[in-house]
Each structure stands twice: as C-alpha cells, then as structure tokens.
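Reviewing the structure listed below.
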Amino acid sequence: MNAPILNTPWTREEFEEKLREKGKGYHIYHPFHVMMYEGKLTREQLQCWVANRFYYQIGIPQKDAAIMSNCPDKEIRKGWIQRIIDHDGEGDNVGGIEAWIKLGEAVGLSREDVTSLKFVSPGVKFAVDAYINFARQRPWQESVCSSLTELFAPHIHQQRISSWPSMYPWVKEEGLIYFKKRLTEARRDVEQGLHVTLDYFSQSREMQEKALEILQFKLDVLWVIADSIMLACTDIKVEQNVDYLRQPR
Ligand code: AHQ
C-alpha cells in the first residue's frame, strides 16, 4: 500500500519553495519597517532603531560561534567561520559590528550611545538571547536552518539603500555601508545555509515540516525585535494597528 500523500516528502525544489513561501512573514512587512520605508520615522525613532538593533548585530557572531562549537564537520566550519569574520572584522576589514557603530554615528548617536546598550529594550534583549540560546542548545543543522531568514534579507537591505537617501537625507552616506556589505554577504551565507538545510531535513516529510517550524521561530524572533522597538521608540497606540494585528501572518 502506498504511503498516504500527506507523509510523502516534498521534492528538493518543492521543499525550497515552501521555505521561500515563509517570506510572507518576514519583518520587512512589520508596521515599524513599513513606516521606515515610507519615511515616517523621526530622527529620534531612527536613532532608537539603530541603538536597539546593535544588540542583534553583536549577537550574530556569538550565535555563529555556538553553531561552530556544535558542528563536527570541518568543511562546514571552514565555510561558516566567514560569518564571524564578516561581523568581527579581520585585518583591514573593520567588520559589520564596527560598520553598525558607524551607522549609529551617521544617524547622530555617539559611539557610547550604541556600544553602552543603554537604549536597548528588554524585549529586544529577550528575543536576541532566545536566538543565541537556540543556537547553543539545538543541533547545529537546526541553527543553520534558522539563519535562512536571510533568504529575504537582501530585499530589506536594498530597500534601505534605495529609500534612505531621499527619505532621511540627513543620514550621512557612510551610514549605509553596513547594508551594502550585507547584500553580497547574505547571498553568500544563504547558499551554504540552504544547501545544509535541504540536505539534512529532506530525510522525511516530518523533518521538512520541522524545518518550516524552525524558520518560523526565527521569523518570530525578528518580528518581536521590531515589536519591541516600535513599543520603545514610538508612541503609537495599539488601536492604530488593531486592523493590522488582526491580519493573518
Ligand atoms: O545584518 C544581519 C545579519 O548579519 C544576519 C545574519 C543572519 C543570521 O545568521 O540569522 N540574519 C541576519 C540578518 C541581518 N539583518 C537583518 C535586517 O533586517 O537588517 C535581517 C537578518 C535576517 O534576515 O535574519
């Protein structure tokens, strides 16, 4: 008797398509990022976003080091270590964390405003810490899968590169260097992440469904970061977003 359709694993192409379909829940559609794209943020609100998001940026290399520490495969580690170098820097390459501090200075913050973490909201800390702890505690392949929100990242980086000069002309040009760096880095990261995910989770339909749940967890991490930032950085009342909150995601 043939296995019922519902348990048949998706083909590699179908599985990749299911992963990409999760993009409809990406934080580019979060009301705070929509406000940003539409030029509706004040100088202080943009500063607040940069200062809060720094906590996520410094968490990324720690998350990636946790994945490395769980991964016994030398070839995988040789690829994955580049992510840590991209953020921490190497030689003349100052790295993404330093580029984010430059973004802070470009929007009018001091280096200490950013690095002191004094403006980071509790919700942002909890969400980022949940992501780092996920990488510490779960099998390294599951953490690789969770990084696949970067399938959708070039779109949001390009949005900022294209819209900020006209929407926020007061932001110094060098502030956009971080986003420009990520356009190529994210595309390269995703190649390795997708290959590992499609290989490891294709053992069964159940594992493929688990990969979608893991990706949803990370989409939720990004969404909660934006929720916390919106709460901390704006005085928008819930009722102004009640229709939005009712939309299925
Ligand atoms: O700047 C970002 C970054 O370095 C990464 C690494 C990757 C991961 O390992 O989870 N995800 C990610 C993301 C970055 N920037 C976010 C943004 O909106 O600026 C997007 C985020 C992601 O899509 O996961």
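Every chain in the structure tokens takes a letter, A first, then B, and so on in the order presented; its residues are numbered from 1, and the ligands are numbered from 1 following the presented order.
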
- Please identify which residues in stretch 55-134 of chain A DSSP calls helix (DSSP H, G or I) from the backbone, and express them as a ChimeraX atom specification. /A:55-70,74-88,96-106,111-115,122-134

Selection: 10 Å around A:Thr234, only C-alpha atoms, excl. self and same-chain fewer than 5 positions, as a short mmCIF file (atom, residue, chain, number, x, y, z; two decimals) with all heavy atoms, in the first residue's frame:
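Saved result, part-v8.cif, follows:
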```cif
data_model
loop_
_atom_site.label_atom_id
_atom_site.label_comp_id
_atom_site.auth_asym_id
_atom_site.auth_seq_id
_atom_site.Cartn_x
_atom_site.Cartn_y
_atom_site.Cartn_z
N PHE A 32 6.54 48.77 11.74
CA PHE A 32 7.65 49.70 12.00
C PHE A 32 8.55 49.84 10.77
O PHE A 32 8.96 50.95 10.40
CB PHE A 32 8.47 49.25 13.22
CG PHE A 32 9.48 50.27 13.67
CD1 PHE A 32 9.12 51.30 14.53
CD2 PHE A 32 10.80 50.21 13.21
CE1 PHE A 32 10.06 52.25 14.94
CE2 PHE A 32 11.74 51.16 13.61
CZ PHE A 32 11.37 52.18 14.48
N LEU A 41 9.55 57.88 9.95
CA LEU A 41 10.22 57.87 11.26
C LEU A 41 10.89 59.22 11.51
O LEU A 41 11.46 59.83 10.60
CB LEU A 41 11.26 56.75 11.34
CG LEU A 41 10.74 55.31 11.23
CD1 LEU A 41 11.89 54.33 11.45
CD2 LEU A 41 9.63 55.04 12.23
N THR A 42 10.82 59.66 12.76
CA THR A 42 11.58 60.87 13.13
C THR A 42 13.05 60.49 13.31
O THR A 42 13.39 59.30 13.37
CB THR A 42 11.05 61.41 14.48
OG1 THR A 42 11.35 60.42 15.49
CG2 THR A 42 9.55 61.69 14.44
N GLU A 44 14.78 60.78 15.98
CA GLU A 44 14.93 60.06 17.24
C GLU A 44 14.50 58.59 17.09
O GLU A 44 15.08 57.69 17.65
CB GLU A 44 14.11 60.73 18.35
CG GLU A 44 14.61 62.10 18.77
CD GLU A 44 14.38 63.16 17.70
OE1 GLU A 44 13.43 63.00 16.89
OE2 GLU A 44 15.18 64.14 17.65
N GLN A 45 13.43 58.36 16.30
CA GLN A 45 12.94 56.98 16.13
C GLN A 45 13.94 56.15 15.33
O GLN A 45 14.18 54.98 15.62
CB GLN A 45 11.56 56.99 15.46
CG GLN A 45 10.47 57.49 16.39
CD GLN A 45 9.16 57.82 15.68
OE1 GLN A 45 9.12 58.00 14.46
NE2 GLN A 45 8.10 57.91 16.44
N CYS A 48 16.71 55.35 17.63
CA CYS A 48 16.26 54.33 18.58
C CYS A 48 16.35 52.95 17.96
O CYS A 48 16.81 51.99 18.58
CB CYS A 48 14.82 54.66 18.99
SG CYS A 48 14.14 53.64 20.29
N ILE A 229 10.93 47.28 19.45
CA ILE A 229 11.48 48.58 19.04
C ILE A 229 10.34 49.58 18.83
O ILE A 229 10.40 50.73 19.27
CB ILE A 229 12.35 48.43 17.77
CG1 ILE A 229 13.64 47.67 18.11
CG2 ILE A 229 12.64 49.78 17.13
CD1 ILE A 229 14.52 47.35 16.91
#
```

- Query: How many Å separate atom CA of A:Glu75 from atom CA of A:Val196?
  - Reply: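 Pair atom CA of A:Glu75 / atom CA of A:Val196 returns 11.6 Å.
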
- Message: Applying 10 Å and only C-alpha atoms, which residues near A:Leu109 remain after dropping the ones on its own chain fewer than 5 positions away? List them as an NGL selection string.
- Response: :A and (44 or 47-48 or 50-51 or 101-104 or 114)

- Query: Would you name the residues within 8 Å of ligand 1, counting only C-alpha atoms and all ligand atoms, and put them as a VMD selection string?
  - Reply: chain A and resid 26 to 28 57 60 63 to 64 83 87 96 144 146 to 153 156 to 157 178 to 179 182 186 218 to 219 222

Using N, CA and C atoms, can you write the selected residues to a file as a compact mmCIF listing (two decimals), in the first residue's frame?
```txt
# COMPACT_ATOMS: atom_id res chain seq x y z
N TYR A 26 8.07 37.78 6.82
CA TYR A 26 9.35 38.44 7.13
C TYR A 26 9.13 39.84 7.69
N HIS A 27 10.07 40.29 8.51
CA HIS A 27 9.85 41.57 9.21
C HIS A 27 9.88 42.78 8.29
N ILE A 28 10.12 42.60 7.01
CA ILE A 28 10.01 43.74 6.08
C ILE A 28 8.56 44.24 6.06
N GLN A 57 23.04 42.75 16.30
CA GLN A 57 24.27 42.65 15.49
C GLN A 57 25.41 41.99 16.28
N ILE A 60 25.01 38.13 16.63
CA ILE A 60 25.17 37.24 15.47
C ILE A 60 26.47 36.43 15.53
N LYS A 63 26.15 33.79 18.10
CA LYS A 63 25.27 32.72 17.60
C LYS A 63 26.04 31.81 16.65
N ASP A 64 26.81 32.42 15.75
CA ASP A 64 27.56 31.63 14.77
C ASP A 64 28.68 30.84 15.43
N ARG A 83 31.28 33.98 8.53
CA ARG A 83 30.23 34.84 9.08
C ARG A 83 30.74 35.61 10.30
N HIS A 87 31.48 39.91 10.69
CA HIS A 87 30.96 40.80 11.75
C HIS A 87 32.08 41.33 12.64
N GLY A 96 31.27 44.08 10.39
CA GLY A 96 29.91 44.62 10.43
C GLY A 96 29.55 45.30 11.74
N VAL A 144 21.49 26.24 11.66
CA VAL A 144 21.75 26.67 10.26
C VAL A 144 20.42 27.00 9.59
N SER A 146 17.70 27.99 10.94
CA SER A 146 17.11 29.23 11.49
C SER A 146 17.72 30.48 10.86
N SER A 147 18.93 30.36 10.32
CA SER A 147 19.58 31.55 9.71
C SER A 147 18.97 31.87 8.34
N LEU A 148 18.09 31.01 7.84
CA LEU A 148 17.57 31.18 6.47
C LEU A 148 16.57 32.31 6.31
N THR A 149 16.31 33.08 7.38
CA THR A 149 15.54 34.32 7.17
C THR A 149 16.36 35.22 6.24
N GLU A 150 17.66 34.94 6.14
CA GLU A 150 18.49 35.73 5.21
C GLU A 150 18.17 35.48 3.75
N LEU A 151 17.31 34.49 3.47
CA LEU A 151 16.80 34.35 2.10
C LEU A 151 16.12 35.66 1.68
N PHE A 152 15.52 36.34 2.67
CA PHE A 152 14.70 37.53 2.41
C PHE A 152 15.44 38.83 2.73
N ALA A 153 16.66 38.72 3.29
CA ALA A 153 17.37 39.91 3.78
C ALA A 153 17.85 40.86 2.67
N ILE A 156 15.34 43.65 2.11
CA ILE A 156 15.20 44.73 3.10
C ILE A 156 16.44 45.62 3.12
N HIS A 157 17.62 45.04 2.87
CA HIS A 157 18.82 45.89 2.81
C HIS A 157 18.75 46.81 1.61
N TYR A 178 26.93 49.40 5.99
CA TYR A 178 26.57 48.09 6.54
C TYR A 178 25.61 47.36 5.61
N PHE A 179 24.56 48.06 5.19
CA PHE A 179 23.52 47.42 4.35
C PHE A 179 24.12 46.98 3.01
N ARG A 182 26.03 43.76 3.42
CA ARG A 182 25.17 42.58 3.64
C ARG A 182 24.56 42.07 2.34
N ALA A 186 24.95 38.28 2.60
CA ALA A 186 23.72 37.49 2.87
C ALA A 186 23.51 36.46 1.76
N LYS A 218 12.50 31.77 13.93
CA LYS A 218 13.41 32.89 13.67
C LYS A 218 12.65 34.09 13.08
N LEU A 219 11.65 33.84 12.27
CA LEU A 219 10.82 34.95 11.77
C LEU A 219 10.16 35.65 12.96
N LEU A 222 12.64 37.91 14.77
CA LEU A 222 12.80 39.21 14.09
C LEU A 222 11.56 40.08 14.29
```

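Distances to A:Trp49 were evaluated for A:Ile84, A:Ile76, A:Ala135, A:Val124 using only C-alpha atoms, and the minimum falls at A:Val124.
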
- Message: Need to verify the contact set: A:Trp170, 10 Å, only C-alpha atoms, exclusion of same-chain residues closer than 4 positions in sequence. Can you return it as a PyMOL selection string?
- Response: chain A and resi 43+106-108+164-166

- Item | Distance in Å - atom CA of A:Asp189 versus atom CA of A:Arg12 |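 A separation of 19.0 Å between them.
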